[in-house]
Amino acid sequence: MKTPYPLILASTSKYRGSLLAQLGWEFVAVAPGVDEDKIKEKNLHPAELARELSLLKAQAVFARRNESCVIGSDQVCHLEGLILGKPHTKERAYEQISQMQGKTHELLTAVTVMSPRESITFLNTTTLHMRKLTLREIKEYVDFDLPLDCAGSYKLESRGIKLFHKIETTDQTAIIGLPLIELTDVLLKQGFPF
């Protein structure tokens, strides 16, 4: 399939790569090399943080490959403004889910598409209503799914779906890390073939 520009995903996330592959366009994945911790120190509103990180990731790769169409994306999970990042340890995952259980939180997925033609940033908001859970249920879930590399400490594409009694979203792929419906709209307008 001929594309107007080489397509680059500014991420080495296996989740985002697998999602983008569903659209059928050839692409390469490139690590953007953005220091996310430095940006997080700015204490931006969660939506602004997600947008800023997606933009910086796209810009970092586009600066090296400006003949391409680059997709930068970032996800921020927050509970009433408190950002819940990747837990990296089981103990931190238990703690995050314990904070969220019985409450509603948001998963914000920002995407920046940057090409020689234009730069577009959009934000997808998913609202998740978590069930009331016991510590035993939380530990059993974390021990099974090991969501240590996932913002918010859950994998909805696996057993994590059991943690929720309601999810409000316009695109379920946003939950995994890349909202394909709106991304497809943007890429089709850039001249990518259907």
# chains A, B, ... in the order shown; residues from 1 in each chain; ligands from 1

call {"tool": "residues_around", "arguments": {"residues": "Arg16 of chain A", "least_positions_apart": "3", "cutoff": "6 Å", "atoms": "only C-alpha atoms", "output": "mmCIF file with N, CA, C and O atoms, in the first residue's frame"}}
result
data_model
loop_
_atom_site.group_PDB
_atom_site.id
_atom_site.type_symbol
_atom_site.label_atom_id
_atom_site.label_comp_id
_atom_site.auth_asym_id
_atom_site.auth_seq_id
_atom_site.Cartn_x
_atom_site.Cartn_y
_atom_site.Cartn_z
ATOM 1 N N SER A 13 6.538 1.019 22.499
ATOM 2 C CA SER A 13 5.526 0.284 23.260
ATOM 3 C C SER A 13 4.957 -0.846 22.418
ATOM 4 O O SER A 13 4.469 -0.617 21.307
ATOM 5 N N LEU A 19 -1.399 -2.102 18.106
ATOM 6 C CA LEU A 19 -2.599 -1.382 17.682
ATOM 7 C C LEU A 19 -2.414 -0.752 16.305
ATOM 8 O O LEU A 19 -3.261 -0.909 15.419
ATOM 9 N N GLY A 177 -3.819 2.407 24.482
ATOM 10 C CA GLY A 177 -2.724 3.346 24.263
ATOM 11 C C GLY A 177 -2.713 4.127 22.968
ATOM 12 O O GLY A 177 -1.878 5.002 22.790
ATOM 13 N N LEU A 178 -3.642 3.835 22.039
ATOM 14 C CA LEU A 178 -3.656 4.563 20.772
ATOM 15 C C LEU A 178 -5.078 4.553 20.215
ATOM 16 O O LEU A 178 -5.552 3.516 19.749
#

call {"tool": "select_by_dssp", "arguments": {"residues": "segment 31-188 of chain A", "states": "helix (DSSP H, G or I)", "output": "ChimeraX atom specification"}}
result
/A:36-40,46-62,90-100,135-145,159-163,172-176,180-188

call {"tool": "closest_atom_pairs", "arguments": {"of": "segment 23-129 of chain A", "to": "segment 153-171 of chain A", "cutoff": "9 Å", "atoms": "only C-alpha atoms", "output": "tab-separated table"}}
result
residue	atom	partner	partner_atom	distance
A:Leu84	CA	A:Ser153	CA	8.3
A:Gly85	CA	A:Ser153	CA	8.0
A:Lys86	CA	A:Ser153	CA	6.5
A:Pro87	CA	A:Ser153	CA	6.2
A:His88	CA	A:Ser153	CA	8.8
A:Lys90	CA	A:Ser153	CA	8.9
A:Arg92	CA	A:Ser153	CA	8.4
A:Ala93	CA	A:Ser153	CA	5.2
A:Tyr94	CA	A:Ser153	CA	8.0
A:Gln96	CA	A:Ser153	CA	6.7
A:Ile97	CA	A:Ser153	CA	6.7
A:Gln101	CA	A:Leu163	CA	8.2
A:Asn124	CA	A:Thr170	CA	7.9
A:Thr125	CA	A:Thr169	CA	6.8
A:Thr126	CA	A:Thr169	CA	4.7
A:Thr127	CA	A:Glu168	CA	5.1
A:Leu128	CA	A:Ile167	CA	4.6
A:His129	CA	A:Lys166	CA	5.1

call {"tool": "atom_distance", "arguments": {"atom1": "atom CA of Ala31 of chain A", "atom2": "atom CA of Cys69 of chain A"}}
result
14.8 Å

call {"tool": "closest_residue", "arguments": {"among": "A:Phe192, A:Leu146, A:Gly152, A:Glu140", "to": "Gly24 of chain A", "atoms": "only C-alpha atoms"}}
result
A:Phe192

call {"tool": "select_by_dssp", "arguments": {"residues": "segment 36-102 of chain A", "states": "strand (DSSP E)", "output": "PDB file with N, CA, C and O atoms, in the first residue's frame"}}
result
ATOM      1  N   CYS A  69       5.737  10.930   8.383  1.00  0.00           N
ATOM      2  CA  CYS A  69       4.561  11.220   9.207  1.00  0.00           C
ATOM      3  C   CYS A  69       4.806  10.496  10.530  1.00  0.00           C
ATOM      4  O   CYS A  69       4.945   9.267  10.554  1.00  0.00           O
ATOM      5  N   VAL A  70       4.919  11.264  11.607  1.00  0.00           N
ATOM      6  CA  VAL A  70       5.293  10.714  12.907  1.00  0.00           C
ATOM      7  C   VAL A  70       4.100  10.770  13.854  1.00  0.00           C
ATOM      8  O   VAL A  70       3.420  11.790  13.944  1.00  0.00           O
ATOM      9  N   ILE A  71       3.887   9.665  14.553  1.00  0.00           N
ATOM     10  CA  ILE A  71       2.807   9.588  15.548  1.00  0.00           C
ATOM     11  C   ILE A  71       3.432   9.517  16.934  1.00  0.00           C
ATOM     12  O   ILE A  71       4.166   8.576  17.245  1.00  0.00           O
ATOM     13  N   GLY A  72       3.152  10.527  17.745  1.00  0.00           N
ATOM     14  CA  GLY A  72       3.569  10.521  19.144  1.00  0.00           C
ATOM     15  C   GLY A  72       2.332  10.358  20.004  1.00  0.00           C
ATOM     16  O   GLY A  72       1.286  10.927  19.697  1.00  0.00           O
ATOM     17  N   SER A  73       2.436   9.575  21.058  1.00  0.00           N
ATOM     18  CA  SER A  73       1.274   9.360  21.911  1.00  0.00           C
ATOM     19  C   SER A  73       1.704   9.231  23.364  1.00  0.00           C
ATOM     20  O   SER A  73       2.805   8.763  23.651  1.00  0.00           O
ATOM     21  N   ASP A  74       0.820   9.659  24.251  1.00  0.00           N
ATOM     22  CA  ASP A  74       1.078   9.462  25.670  1.00  0.00           C
ATOM     23  C   ASP A  74      -0.251   9.296  26.395  1.00  0.00           C
ATOM     24  O   ASP A  74      -1.287   9.797  25.950  1.00  0.00           O
ATOM     25  N   GLN A  75      -0.170   8.575  27.489  1.00  0.00           N
ATOM     26  CA  GLN A  75      -1.365   8.283  28.264  1.00  0.00           C
ATOM     27  C   GLN A  75      -1.140   8.707  29.706  1.00  0.00           C
ATOM     28  O   GLN A  75      -0.090   8.421  30.286  1.00  0.00           O
ATOM     29  N   VAL A  76      -2.122   9.384  30.263  1.00  0.00           N
ATOM     30  CA  VAL A  76      -2.056   9.797  31.658  1.00  0.00           C
ATOM     31  C   VAL A  76      -3.319   9.290  32.354  1.00  0.00           C
ATOM     32  O   VAL A  76      -4.435   9.572  31.918  1.00  0.00           O
ATOM     33  N   CYS A  77      -3.110   8.542  33.413  1.00  0.00           N
ATOM     34  CA  CYS A  77      -4.212   8.050  34.233  1.00  0.00           C
ATOM     35  C   CYS A  77      -4.254   8.935  35.472  1.00  0.00           C
ATOM     36  O   CYS A  77      -3.222   9.153  36.117  1.00  0.00           O
ATOM     37  N   HIS A  78      -5.435   9.478  35.777  1.00  0.00           N
ATOM     38  CA  HIS A  78      -5.494  10.307  36.975  1.00  0.00           C
ATOM     39  C   HIS A  78      -6.787  10.091  37.758  1.00  0.00           C
ATOM     40  O   HIS A  78      -7.841   9.793  37.199  1.00  0.00           O
ATOM     41  N   LEU A  79      -6.634  10.214  39.057  1.00  0.00           N
ATOM     42  CA  LEU A  79      -7.746  10.105  39.993  1.00  0.00           C
ATOM     43  C   LEU A  79      -7.867  11.456  40.673  1.00  0.00           C
ATOM     44  O   LEU A  79      -6.985  11.841  41.448  1.00  0.00           O
ATOM     45  N   LEU A  82      -4.748  13.455  40.705  1.00  0.00           N
ATOM     46  CA  LEU A  82      -3.544  12.725  41.129  1.00  0.00           C
ATOM     47  C   LEU A  82      -3.144  11.775  40.006  1.00  0.00           C
ATOM     48  O   LEU A  82      -3.907  10.882  39.628  1.00  0.00           O
ATOM     49  N   ILE A  83      -1.945  11.982  39.458  1.00  0.00           N
ATOM     50  CA  ILE A  83      -1.489  11.165  38.336  1.00  0.00           C
ATOM     51  C   ILE A  83      -0.989   9.825  38.843  1.00  0.00           C
ATOM     52  O   ILE A  83      -0.187   9.742  39.773  1.00  0.00           O
TER      53      ILE A  83
END

call {"tool": "closest_residue", "arguments": {"among": "A:Ile176, A:Val142, A:Ala151, A:Leu55", "to": "Ile120 of chain A", "atoms": "only C-alpha atoms"}}
result
A:Leu55

call {"tool": "residues_around", "arguments": {"residues": "segment 183-185 of chain A", "least_positions_apart": "4", "cutoff": "10 Å", "atoms": "only C-alpha atoms", "output": "number ranges by chain"}}
result
A: 20, 23, 71, 111-113, 121-122, 178-179, 189-190, 192, 194

call {"tool": "residues_around", "arguments": {"residues": "Gly102 of chain A", "least_positions_apart": "4", "cutoff": "7 Å", "atoms": "only C-alpha atoms", "output": "list in words"}}
result
Met130, Arg131 and Lys132 of chain A

call {"tool": "write_last_selection", "arguments": {"atoms": "N, CA and C atoms", "output": "mmCIF file, in the first residue's frame"}}
result
data_model
loop_
_atom_site.group_PDB
_atom_site.id
_atom_site.type_symbol
_atom_site.label_atom_id
_atom_site.label_comp_id
_atom_site.auth_asym_id
_atom_site.auth_seq_id
_atom_site.Cartn_x
_atom_site.Cartn_y
_atom_site.Cartn_z
ATOM 1 N N MET A 130 -14.481 2.017 38.774
ATOM 2 C CA MET A 130 -13.937 0.788 39.329
ATOM 3 C C MET A 130 -14.856 0.229 40.421
ATOM 4 N N ARG A 131 -14.970 -1.075 40.437
ATOM 5 C CA ARG A 131 -15.757 -1.752 41.465
ATOM 6 C C ARG A 131 -15.105 -1.566 42.836
ATOM 7 N N LYS A 132 -15.880 -1.778 43.890
ATOM 8 C CA LYS A 132 -15.294 -1.866 45.229
ATOM 9 C C LYS A 132 -14.607 -3.215 45.294
#

call {"tool": "residues_around", "arguments": {"residues": "Ala60 of chain A", "least_positions_apart": "2", "cutoff": "10 Å", "atoms": "only C-alpha atoms", "output": "mmCIF file with C-alpha atoms, in the first residue's frame"}}
result
data_model
loop_
_atom_site.group_PDB
_atom_site.id
_atom_site.type_symbol
_atom_site.label_atom_id
_atom_site.label_comp_id
_atom_site.auth_asym_id
_atom_site.auth_seq_id
_atom_site.Cartn_x
_atom_site.Cartn_y
_atom_site.Cartn_z
ATOM 1 C CA ALA A 10 7.443 7.542 18.085
ATOM 2 C CA ALA A 31 12.202 5.487 20.543
ATOM 3 C CA PRO A 32 11.675 9.253 20.920
ATOM 4 C CA GLY A 33 14.189 9.655 23.741
ATOM 5 C CA VAL A 34 12.087 12.197 25.652
ATOM 6 C CA LEU A 55 3.864 16.536 21.101
ATOM 7 C CA LEU A 56 7.424 16.272 22.436
ATOM 8 C CA LYS A 57 7.677 12.619 21.370
ATOM 9 C CA ALA A 58 6.483 13.424 17.845
ATOM 10 C CA PHE A 62 10.260 14.367 13.361
ATOM 11 C CA ALA A 63 13.409 16.464 13.944
ATOM 12 C CA ARG A 64 15.430 13.451 12.720
ATOM 13 C CA ARG A 65 12.977 12.254 10.042
ATOM 14 C CA VAL A 70 5.293 10.714 12.907
ATOM 15 C CA GLY A 72 3.569 10.521 19.144
#

call {"tool": "atom_distance", "arguments": {"atom1": "atom CA of Leu7 of chain A", "atom2": "atom CA of Trp25 of chain A"}}
result
7.7 Å

call {"tool": "atom_distance", "arguments": {"atom1": "atom CA of Pro193 of chain A", "atom2": "atom CA of Ser119 of chain A"}}
result
18.8 Å

call {"tool": "closest_residue", "arguments": {"among": "A:Leu123, A:Ala21, A:Phe27, A:Glu67", "to": "Leu53 of chain A", "atoms": "only C-alpha atoms"}}
result
A:Leu123
